[in-house]
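Chemist: This is the content of entry38.cif (mmCIF, C-alpha atoms):
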data_run
loop_
_atom_site.label_atom_id
_atom_site.label_comp_id
_atom_site.auth_asym_id
_atom_site.auth_seq_id
_atom_site.Cartn_x
_atom_site.Cartn_y
_atom_site.Cartn_z
CA MET A 31 97.70 157.30 122.57
CA LYS A 32 100.73 155.86 124.28
CA THR A 33 103.07 154.24 121.85
CA HIS A 34 103.60 151.17 123.98
CA THR A 35 99.98 150.18 123.60
CA ILE A 36 100.09 150.38 119.80
CA LEU A 37 102.21 147.37 119.07
CA GLY A 38 100.62 145.32 121.80
CA GLY A 39 97.26 146.12 120.25
CA LEU A 40 98.52 145.23 116.80
CA LEU A 41 100.24 142.04 117.84
CA ALA A 42 97.51 140.73 120.09
CA PRO A 43 95.05 139.97 117.22
CA ALA A 44 97.91 138.55 115.15
CA VAL A 45 98.91 136.23 117.97
CA LEU A 46 95.26 135.25 118.49
CA VAL A 47 94.90 134.39 114.80
CA LEU A 48 98.07 132.32 114.97
CA ILE A 49 96.88 130.60 118.13
CA GLY A 50 93.52 129.93 116.48
CA GLY A 51 95.28 128.45 113.49
CA CYS A 52 97.32 126.24 115.76
CA SER A 53 94.43 124.97 117.82
CA GLU A 54 92.39 123.39 115.03
CA GLY A 55 93.46 119.93 116.06
CA PRO A 56 96.27 117.93 117.53
CA ALA A 57 99.54 118.16 115.61
CA PRO A 58 100.38 114.95 113.78
CA LYS A 59 103.21 112.99 115.30
CA ALA A 60 106.46 113.40 113.44
CA GLU A 61 107.25 110.15 111.68
CA ALA A 62 110.50 111.20 110.07
CA ALA A 63 113.86 110.32 111.53
CA ALA A 64 114.61 112.10 114.78
CA THR A 65 116.02 115.59 114.33
CA GLY A 66 119.25 116.15 116.25
CA PRO A 67 120.18 119.23 118.27
CA ASP A 68 122.49 120.49 115.53
CA ASP A 69 119.73 120.27 112.93
CA LEU A 70 117.31 122.12 115.21
CA ALA A 71 119.84 124.86 115.92
CA HIS A 72 120.66 125.18 112.22
CA MET A 73 116.98 125.50 111.40
CA ASP A 74 116.68 128.32 113.90
CA LEU A 75 119.94 129.93 112.77
CA THR A 76 118.73 129.93 109.18
CA VAL A 77 115.57 131.82 110.02
CA SER A 78 117.43 134.00 112.53
CA LYS A 79 119.84 135.10 109.86
CA ALA A 80 117.06 136.19 107.52
CA TYR A 81 115.25 137.79 110.44
CA GLY A 82 118.40 139.63 111.56
CA ALA A 83 119.04 140.99 108.09
CA ALA A 84 115.43 142.14 107.70
CA MET A 85 115.33 143.77 111.11
CA GLU A 86 118.70 145.44 110.63
CA LYS A 87 117.32 146.90 107.42
CA ALA A 88 114.33 148.12 109.41
CA GLY A 89 116.71 149.93 111.77
CA LEU A 90 116.60 147.63 114.82
CA ASP A 91 119.85 147.22 116.70
CA GLU A 92 121.11 143.93 118.14
CA GLY A 93 119.45 144.38 121.51
CA GLN A 94 116.10 145.17 119.96
CA ARG A 95 116.35 142.23 117.57
CA ASN A 96 117.16 139.89 120.46
CA VAL A 97 114.23 141.14 122.52
CA VAL A 98 111.75 140.63 119.66
CA GLN A 99 113.23 137.17 119.06
CA ALA A 100 112.92 136.26 122.74
CA MET A 101 109.30 137.47 122.70
CA ALA A 102 108.45 135.38 119.62
CA HIS A 103 110.07 132.34 121.21
CA GLN A 104 108.10 132.67 124.44
CA GLN A 105 104.81 133.34 122.63
CA ALA A 106 105.39 130.13 120.68
CA VAL A 107 106.09 128.30 123.94
CA ALA A 108 102.80 129.56 125.38
CA VAL A 109 100.96 128.29 122.31
CA ILE A 110 102.57 124.85 122.22
CA CYS A 111 103.27 123.92 125.83
CA ALA A 112 100.52 123.14 128.32
CA GLY A 113 100.72 125.15 131.54
CA PHE A 114 102.62 128.09 130.03
CA THR A 115 101.10 131.55 129.89
CA VAL A 116 102.47 134.92 128.89
CA ASN A 117 102.20 137.96 131.09
CA LYS A 118 100.54 140.37 128.64
CA ALA A 119 101.63 143.55 130.40
CA ARG A 120 105.25 142.41 130.47
CA PHE A 121 105.05 141.43 126.83
CA GLU A 122 103.82 144.89 125.83
CA ASP A 123 106.46 146.50 128.01
CA GLU A 124 109.23 144.46 126.37
CA MET A 125 107.98 145.17 122.86
CA ASN A 126 108.06 148.84 123.73
CA ILE A 127 111.80 148.67 123.04
CA ILE A 128 111.24 149.14 119.32
CA TYR A 129 110.14 152.74 119.87
CA TYR A 130 113.56 153.79 121.14
CA ASP A 131 116.84 154.49 119.42
CA ASP A 132 120.18 152.95 120.33
CA LYS A 133 120.78 155.66 122.94
CA GLY A 134 117.58 154.76 124.74
CA LYS A 135 115.84 157.90 123.53
CA MET A 136 112.31 157.70 122.16
CA LEU A 137 112.24 157.85 118.37
CA GLU A 138 111.13 161.13 116.91
CA VAL A 139 109.43 159.99 113.74
CA ASP A 140 106.10 160.73 112.09
CA SER A 141 103.20 158.30 112.32
CA GLU A 142 103.87 156.91 108.85
CA ALA A 143 107.44 155.95 109.76
CA LEU A 144 106.20 154.55 113.06
CA HIS A 145 103.61 152.36 111.33
CA LEU A 146 106.23 151.16 108.87
CA ARG A 147 108.49 150.16 111.76
CA GLU A 148 105.62 148.33 113.46
CA ARG A 149 104.79 146.44 110.29
CA GLN A 150 108.42 145.46 109.83
CA VAL A 151 108.68 144.28 113.43
CA MET A 152 105.46 142.30 113.07
CA MET A 153 106.93 140.57 110.04
CA GLY A 154 110.09 139.73 112.00
CA PHE A 155 108.09 138.55 114.98
CA GLY A 156 106.08 136.28 112.67
CA MET A 157 109.25 134.84 111.14
CA MET A 158 110.69 133.83 114.50
CA PHE A 159 107.32 132.73 115.90
CA GLY A 160 106.80 130.47 112.87
CA ALA A 161 110.31 129.08 113.12
CA GLN A 162 109.73 128.12 116.76
CA LEU A 163 106.44 126.39 115.91
CA ALA A 164 108.15 124.38 113.19
CA ILE A 165 111.13 123.46 115.38
CA ALA A 166 108.91 122.47 118.28
CA ALA A 167 106.95 120.13 116.02
CA SER A 168 109.89 117.72 115.84
CA ASP A 169 109.66 116.96 119.55
CA GLU A 170 107.14 118.96 121.54
CA GLN A 171 108.02 117.33 124.84
CA ALA A 172 111.70 118.21 124.56
CA PHE A 173 110.82 121.72 123.40
CA CYS A 174 108.58 122.26 126.43
CA GLU A 175 111.13 120.76 128.84
CA HIS A 176 113.65 123.27 127.55
CA ALA A 177 111.08 126.07 127.93
CA ASP A 178 110.49 125.02 131.53
CA VAL A 179 114.21 125.32 132.31
CA GLU A 180 114.25 128.78 130.74
CA ARG A 181 111.16 129.83 132.66
CA ASN A 182 112.78 128.93 135.96
CA ALA A 183 116.11 130.64 135.26
CA GLY A 184 116.34 133.16 138.05
CA ASP A 185 118.45 135.74 136.27
CA ALA A 186 116.84 135.48 132.85
CA LYS A 187 116.22 138.80 131.14
CA HIS A 188 113.14 139.54 129.06
CA LEU A 189 111.18 136.72 130.62
CA ILE A 190 107.46 137.12 129.98
CA LEU A 191 106.33 133.61 130.85
CA GLU A 192 104.43 133.37 134.11
CA PRO A 193 106.13 131.24 136.78
CA ARG A 194 105.06 127.64 137.11
CA LYS A 195 102.02 127.23 139.35
CA THR A 196 102.72 125.07 142.35
CA GLY A 197 100.26 122.90 144.24
CA MET B 489 124.89 138.23 79.11
CA THR B 490 123.05 139.38 75.95
CA MET B 491 125.41 142.30 75.51
CA ALA B 492 128.41 139.99 75.79
CA LYS B 493 126.97 137.63 73.19
CA TRP B 494 126.36 140.49 70.75
CA ALA B 495 129.87 141.83 71.26
CA LEU B 496 131.37 138.38 70.70
CA ALA B 497 129.20 137.79 67.63
CA GLY B 498 130.32 141.16 66.24
CA ALA B 499 133.98 140.28 66.73
CA LEU B 500 133.53 136.87 65.10
CA ALA B 501 131.64 138.36 62.15
CA ALA B 502 134.39 140.93 61.68
CA SER B 503 137.12 138.26 61.68
CA LEU B 504 135.22 135.91 59.30
CA ALA B 505 134.67 138.73 56.83
CA LEU B 506 138.44 138.97 56.24
CA PRO B 507 139.83 137.31 53.06
CA ALA B 508 142.23 134.42 53.61
CA ALA B 509 144.80 135.34 50.95
CA ALA B 510 147.08 138.34 51.03
CA THR B 511 149.24 139.82 48.29
CA ALA B 512 151.85 142.58 48.20
CA ARG B 513 149.69 144.94 46.16
CA ASP B 514 146.91 144.59 48.64
CA HIS B 515 149.28 145.56 51.42
CA HIS B 516 147.67 148.90 52.24
CA ARG B 517 144.18 147.49 52.08
CA HIS B 518 145.17 144.64 54.38
CA ARG B 519 146.79 147.00 56.83
CA ASP B 520 143.48 148.88 57.03
CA ARG B 521 141.63 145.59 57.53
CA ASP B 522 144.06 144.56 60.25
CA ARG B 523 143.41 147.81 62.01
CA ALA B 524 139.63 147.27 61.69
CA THR B 525 139.97 143.71 63.04
CA GLY B 526 142.06 144.90 65.96
CA ALA B 527 139.49 147.58 66.73
CA ALA B 528 136.63 145.05 66.53
CA ILE B 529 138.38 142.62 68.86
CA GLY B 530 139.24 145.44 71.23
CA LEU B 531 135.63 146.59 71.25
CA ALA B 532 134.46 143.01 71.81
CA ILE B 533 136.76 142.63 74.83
CA VAL B 534 135.57 145.94 76.26
CA GLY B 535 131.96 144.91 75.61
CA ILE B 536 132.41 141.52 77.30
CA ALA B 537 134.07 143.15 80.31
CA ALA B 538 131.29 145.76 80.54
CA ALA B 539 128.57 143.11 80.26
CA ALA B 540 130.21 140.92 82.91
CA SER B 541 130.56 143.89 85.21
CA ALA B 542 126.92 144.92 84.66
CA ASN B 543 125.82 141.34 85.33
CA ARG B 544 127.76 141.19 88.57
CA ARG B 545 126.38 144.57 89.64
CA ASN B 546 122.82 143.47 88.84
CA ARG B 547 123.26 140.28 90.83
CA GLN B 548 124.49 142.27 93.81
CA ASP B 549 121.66 144.83 93.52
CA ASN B 550 119.04 142.10 93.31
CA ARG B 551 120.35 140.22 96.32
CA SER B 552 117.98 140.23 99.20
CA TYR B 553 118.25 138.85 102.69
CA TYR B 554 116.39 135.78 101.47
CA ASP B 555 119.05 134.72 98.93
CA ARG B 556 119.59 131.03 99.53
CA ASP B 557 123.36 131.10 99.18
CA ASP B 558 123.59 133.11 102.37
CA TYR B 559 121.81 130.45 104.38
CA ARG B 560 123.70 127.28 103.65
CA GLY B 561 125.40 126.42 106.85
CA GLY B 562 128.79 127.86 107.61
CA TRP B 563 127.76 128.98 111.07
CA GLY B 564 131.33 129.30 112.21
CA ASP B 565 132.93 128.71 115.56
CA THR B 566 130.96 127.18 118.43
CA TYR B 567 131.67 126.54 122.09
CA ASN B 568 129.93 124.92 125.03
CA ALA B 569 128.85 127.60 127.51
CA ALA B 570 127.51 124.92 129.84
CA LYS B 571 126.41 121.31 129.70
CA ASN B 572 124.10 120.92 126.68
CA VAL B 573 124.47 124.62 125.83
CA LEU B 574 126.11 125.37 122.50
CA CYS B 575 126.85 128.96 121.46
CA TYR B 576 127.57 130.16 117.94
CA ARG B 577 130.12 132.93 118.25
CA SER B 578 129.56 134.70 114.95
CA GLN B 579 125.77 134.39 115.14
CA ARG B 580 125.84 135.51 118.78
CA GLN B 581 123.19 132.97 119.75
CA CYS B 582 123.05 130.04 122.15
CA TYR B 583 121.06 126.83 122.08
CA ARG B 584 120.27 124.29 124.76
CA LYS B 585 119.84 120.80 123.30
CA GLY B 586 119.26 122.49 119.94
CA TYR B 587 116.55 124.86 121.17
CA TYR B 588 117.02 128.62 121.13
CA SER B 589 117.98 129.89 124.57
CA ALA B 590 117.18 133.54 125.24
CA GLU B 591 118.68 133.05 128.70
CA TRP B 592 122.10 131.86 127.49
CA THR B 593 122.15 134.18 124.48
CA SER B 594 121.65 137.08 126.85
CA ARG B 595 124.17 135.73 129.34
CA GLU B 596 126.93 135.02 126.82
CA PHE B 597 126.53 137.92 124.46
CA GLY B 598 125.58 140.45 127.04
CA TYR B 599 123.18 142.75 125.28
CA ASP B 600 121.10 145.05 127.39
CA PRO B 601 118.73 147.13 125.32
CA TYR B 602 117.85 149.28 128.30
CA ASN B 603 121.35 150.28 129.28
CA ARG B 604 122.50 150.22 125.66
CA GLY B 605 125.84 149.04 126.90
CA TYR B 606 126.51 146.20 124.49
#
What do you get writing this file as structure tokens?
Modeler:
Amino acid sequence: MKTHTILGGLLAPAVLVLIGGCSEGPAPKAEAAATGPDDLAHMDLTVSKAYGAAMEKAGLDEGQRNVVQAMAHQQAVAVICAGFTVNKARFEDEMNIIYYDDKGKMLEVDSEALHLRERQVMMGFGMMFGAQLAIAASDEQAFCEHADVERNAGDAKHLILEPRKTG
Amino acid sequence: MTMAKWALAGALAASLALPAAATARDHHRHRDRDRATGAAIGLAIVGIAAAASANRRNRQDNRSYYDRDDYRGGWGDTYNAAKNVLCYRSQRQCYRKGYYSAEWTSREFGYDPYNRGY
């Protein structure tokens, strides 16, 4: 079995469960005082710091951690924002990065170590995915407007969101 | 902390057990008691230091990446990479209007997991 299909296969049901959990009904409108950009960034930074420490412990380097974080962010966008879809093949291809070392060479580890790495990455993915859902809840419209700008950035790396449909 | 308390209690007990009065004929006996008191206080100090050190070591060993003290602000230096884009230098992450920006994080902090040139 090709390694790049393993994580995609593992993550797909997890993402579906999360999507299912999110689609039980419309999210209640936030009634608290408006959350400013600094607060939103600090919320994300707080989770990012825990995520970074956990993933570093799992052996992921900075590039790998950033890719997984970018994937979690875009999957959350696809769940929350209408008209956004993820290219599944590109998502699996991007997540494939966790099977390589920092020299770009495929990891030579036994299946037990590989499964441990996948579980750790899934945990990290879930952390960042959850953080994005929570942050988006404060102002979904602003969150989706930001996502639209990111989606249309021509030189953006690790973009898995499908381009906006025209017409 | 328990070890420190026991060591301190031992030192206090040793000092309270000493008689208040002293006479010339008891000189030798007192000298022995003074030595015993000095030893007890010395042991207590060593015990307290050992307990404090063990406590500190235990706290460090038990720290995880979820310890709250690590996540109370202090995000360090920031700069505007573009209009509405704020980057946190030490965290190596950028945000547009408060939302995580993979685009600007990548652009500013230049990682490339495929070329491994960061």
Chemist: Just how far from atom CA of B:Ser589 is atom CA of A:Ile165, in Å to one decimal?
Modeler: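 For atom CA of A:Ile165 relative to atom CA of B:Ser589, the distance reads 13.1 Å.
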Chemist: With only C-alpha atoms as the atoms that count, which of A:Arg149, A:His176, A:Arg95, A:Lys135 lies nearest to B:Tyr587?
Modeler: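 Among the listed residues, A:His176 lies closest to B:Tyr587.
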Chemist: Would you work out the distance separating atom CA of A:Asn117 from atom CA of A:Met158, expressed in Å to one decimal?
Modeler: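 Atom-to-atom, atom CA of A:Asn117 and atom CA of A:Met158 are spaced 19.1 Å apart.
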Chemist: Identify which of the residues A:Leu146, A:Val97, A:Ala161, A:Ala112 lies closest to A:Leu75, counting only C-alpha atoms when measuring atom-to-atom distances.
Modeler: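 The answer is A:Ala161, which sits nearest to A:Leu75.
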Chemist: Name the closest residue to A:Ala83 among the candidates A:Ala166, A:Met157, A:Cys174, A:Val107; distances are taken between atoms, counting only C-alpha atoms.
Modeler: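 Closest residue, counting only C-alpha atoms: A:Met157.
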Chemist: Give me the chain A side of the contact with chain B, cut-off 9 Å, one line per residue showing its nearest atom pair and distance in Å at one decimal, counting only C-alpha atoms, sorted by chain and residue number, as CSV.
Modeler:
residue,atom,partner,partner_atom,distance
A:Gly66,CA,B:Gly586,CA,7.3
A:Pro67,CA,B:Gly586,CA,3.8
A:Asp68,CA,B:Gly586,CA,5.8
A:Asp69,CA,B:Gly586,CA,7.4
A:Leu70,CA,B:Gly586,CA,5.1
A:Ala71,CA,B:Gly586,CA,4.7
A:His72,CA,B:Gly561,CA,7.3
A:Asp74,CA,B:Tyr588,CA,7.2
A:Leu75,CA,B:Gln579,CA,7.7
A:Thr76,CA,B:Tyr559,CA,5.7
A:Val77,CA,B:Tyr559,CA,8.5
A:Ser78,CA,B:Gln579,CA,8.7
A:Lys79,CA,B:Tyr559,CA,7.5
A:Ala80,CA,B:Tyr553,CA,5.6
A:Tyr81,CA,B:Tyr553,CA,8.4
A:Gly82,CA,B:Tyr553,CA,8.9
A:Ala83,CA,B:Tyr553,CA,5.9
A:Ala84,CA,B:Tyr553,CA,6.6
A:Asp91,CA,B:Pro601,CA,8.7
A:Glu92,CA,B:Tyr599,CA,7.5
A:Gly93,CA,B:Pro601,CA,4.8
A:Gln94,CA,B:Pro601,CA,6.3
A:Asn96,CA,B:Ala590,CA,7.9
A:Val97,CA,B:Pro601,CA,8.0
A:Gln99,CA,B:Ala590,CA,8.2
A:Ala100,CA,B:Ala590,CA,5.6
A:His103,CA,B:Tyr588,CA,7.9
A:Ile127,CA,B:Pro601,CA,7.5
A:Asp132,CA,B:Arg604,CA,6.4
A:Lys133,CA,B:Arg604,CA,6.3
A:Gly134,CA,B:Tyr602,CA,6.5
A:Gln162,CA,B:Tyr588,CA,8.5
A:Ile165,CA,B:Tyr587,CA,8.1
A:Ala166,CA,B:Tyr587,CA,8.5
A:Ala172,CA,B:Lys585,CA,8.6
A:Phe173,CA,B:Tyr587,CA,6.9
A:His176,CA,B:Tyr587,CA,7.2
A:Ala177,CA,B:Ser589,CA,8.6
A:Glu180,CA,B:Glu591,CA,6.5
A:Ala183,CA,B:Glu591,CA,7.4
A:Asp185,CA,B:Glu591,CA,8.0
A:Ala186,CA,B:Glu591,CA,5.1
A:Lys187,CA,B:Glu591,CA,6.7
A:His188,CA,B:Ala590,CA,8.2
A:Leu189,CA,B:Glu591,CA,8.6
Chemist: Report, in Å with one decimal, the straight-line distance from atom CA of A:Gln104 to atom CA of A:Leu137.
Modeler: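 So the two atoms, atom CA of A:Gln104 and atom CA of A:Leu137, lie 26.2 Å apart.
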Chemist: Excluding same-chain residues fewer than 6 positions from A:Glu192, what lies within 10 Å of it counting all atoms listed in the file, as a VMD selection string?
Modeler: chain A and resid 108 113 to 118 120 181 to 182
